[in-house]
Amino acid sequence: MIHVVARPRIHVALADMGYVSARSFGGIGFSIESPKTVFQLDRCAHIELDGLDGIDDEGRADLSNIVGRLKVVQPSLGFRAVLKSAPPQHVGFGSKTSMSLALIAGVNALHAIGWSIEEMQRLSGRGGASGVGVHSFFHGGAIWDGGHRSDPSAQLVPSGSGLASGVPPLMLRLVFPERWRTVLVLPDEPPMSGREEVEFFAANAPIPGVEALSTMAALYHGVLPAMISADYKALATALREIHRTGFKERELRRCSAQTRAAIRALFDEGLAAQQRRSANLCYHSKE
């Protein structure tokens with residue numbers, strides 16, 4: 001029996017959504033401890049998938065497609081896979097990527113097939129836009145993915161709208177600062193997924209080049225150095241800038257007024273708390 005545990009990821013932002021560089025998409029994200037995806041796999045004469053009642057039709061279709069690809073590369077495969085737990089879908093945890101890769105990695109381990117990380121990533125069909133999920137599954141921590149070669153003749157579409165043409169290169173993997181903690185605040189409103197998400201991308205991308213450059217500057221000269229130096233104030237400042245421009249700002253624009261107000265309050269309180277903490281540290285250092 002094999003148990004595969006996959007942790008969710010948080011995606012900070014897509015980097016180039018304006019064809020301003022040689023690489024489209026790309027970006028930064030990081031793994032968090034929970035809510036986890038857990039698959040249990042046993043040997044079986046045929047293929048069974050159980051425990052899928054808690055996920056939607058789209059999620060079940062994704063796993064069915066994975067089974068189809070596995071049959072093509074390993075026609076004699078047999079296994080019973082039970083989905084024991086999964087994070088909420090369509091709220092930014094990368095649940096489809098974690099479920100797909102957990103199933104593939106479990107089959108790989110159960111039958112000692114010997115697929116490489118890249119082979120499993122390609123089998124998943126994920127990573128069409130962001131490569132954070134397909135890399136964080138295997139490496140954890142904070143991930144910088146290099147995106148895909150730009151093709152201005154092609155429409156920029158979300159990862160789940162089709163098979164990825166290739167695996168975005170892993171540019172850097174960082175250890176998430178030990179002293180930092182994450183708090184999940186999920187909005188009480190319908191998530192965007194499926195056809196609605198595809199239509200959103202079509203209506204809002206590509207963005208103006210100057211906005212794409214501003215996003216890239218905030219990511220690569222803001223978020224990355226903040227994580228390396230564990231500078232929370234710099235991280236909060238960079239995240240606020242990312243949410244004020246480019247594709248992320250358009251994503252927030254479609255959210256409810258309540259969600260937008262909550263995000264503003266979280267930024268304001270987070271920066272204020274850091275400033276108060278810095279002032280206290282400065283005061284105590286003089287004693």
# chains A, B, ... in the order shown; residues from 1 in each chain; ligands from 1
$ closest_atom_pairs --of "segment 18-41 of chain A" --to "segment 212-217 of chain A" --cutoff "9 Å" --atoms "only C-alpha atoms" --output "Markdown table"
| residue | atom | partner | partner_atom | distance |
| --- | --- | --- | --- | --- |
| A:Gly18 | CA | A:Ala212 | CA | 5.5 |
| A:Tyr19 | CA | A:Ala212 | CA | 8.1 |
| A:Val20 | CA | A:Ala212 | CA | 6.8 |
| A:Ser21 | CA | A:Leu213 | CA | 8.7 |
| A:Gly27 | CA | A:Met216 | CA | 8.3 |
$ write_last_selection --atoms "N, CA and C atoms" --output "PDB file, in the first residue's frame"
ATOM      1  N   GLY A  18       1.771  40.261 -20.838  1.00  0.00           N
ATOM      2  CA  GLY A  18       1.675  41.318 -21.846  1.00  0.00           C
ATOM      3  C   GLY A  18       2.624  41.160 -23.012  1.00  0.00           C
ATOM      4  N   TYR A  19       3.238  39.985 -23.167  1.00  0.00           N
ATOM      5  CA  TYR A  19       4.195  39.737 -24.253  1.00  0.00           C
ATOM      6  C   TYR A  19       5.314  40.785 -24.280  1.00  0.00           C
ATOM      7  N   VAL A  20       5.742  41.217 -23.097  1.00  0.00           N
ATOM      8  CA  VAL A  20       6.774  42.251 -23.035  1.00  0.00           C
ATOM      9  C   VAL A  20       8.174  41.652 -22.967  1.00  0.00           C
ATOM     10  N   SER A  21       8.263  40.344 -22.746  1.00  0.00           N
ATOM     11  CA  SER A  21       9.555  39.673 -22.669  1.00  0.00           C
ATOM     12  C   SER A  21       9.525  38.427 -23.552  1.00  0.00           C
ATOM     13  N   GLY A  27       6.234  33.160 -12.929  1.00  0.00           N
ATOM     14  CA  GLY A  27       5.766  33.740 -11.684  1.00  0.00           C
ATOM     15  C   GLY A  27       6.382  33.106 -10.464  1.00  0.00           C
TER      16      GLY A  27
END
$ select_by_dssp --residues "segment 9-207 of chain A" --states "strand (DSSP E or B)" --output "number ranges by chain"
A: 9-16, 23-31, 37-43, 47-50, 79-85, 142-145, 148-149, 170-174
$ closest_atom_pairs --of "segment 81-191 of chain A" --to "segment 262-267 of chain A" --cutoff "12 Å" --atoms "only C-alpha atoms" --output "JSON lines"
{"residue": "A:Val183", "atom": "CA", "partner": "A:Leu266", "partner_atom": "CA", "distance": 10.7}
{"residue": "A:Leu184", "atom": "CA", "partner": "A:Leu266", "partner_atom": "CA", "distance": 11.5}
{"residue": "A:Val185", "atom": "CA", "partner": "A:Ala262", "partner_atom": "CA", "distance": 9.2}
{"residue": "A:Leu186", "atom": "CA", "partner": "A:Ala262", "partner_atom": "CA", "distance": 10.4}
{"residue": "A:Pro187", "atom": "CA", "partner": "A:Ala262", "partner_atom": "CA", "distance": 9.0}
{"residue": "A:Asp188", "atom": "CA", "partner": "A:Ala262", "partner_atom": "CA", "distance": 11.4}
$ atom_distance --atom1 "atom CA of Gln121 of chain A" --atom2 "atom CA of Met171 of chain A"
15.9 Å
$ closest_residue --among "A:Glu189, A:Ile143, A:Phe138, A:Leu49" --to "Ala257 of chain A" --atoms "only C-alpha atoms"
A:Glu189
$ residues_around --residues "segment 149-161 of chain A" --least-positions-apart "5" --cutoff "10 Å" --atoms "only C-alpha atoms" --output "count of residues only"
36
$ closest_residue --among "A:Arg253, A:Lys84, A:Lys36, A:Arg69" --to "Leu52 of chain A" --atoms "only C-alpha atoms"
A:Lys84
$ atom_distance --atom1 "atom CA of Glu178 of chain A" --atom2 "atom CA of Gly106 of chain A"
29.1 Å
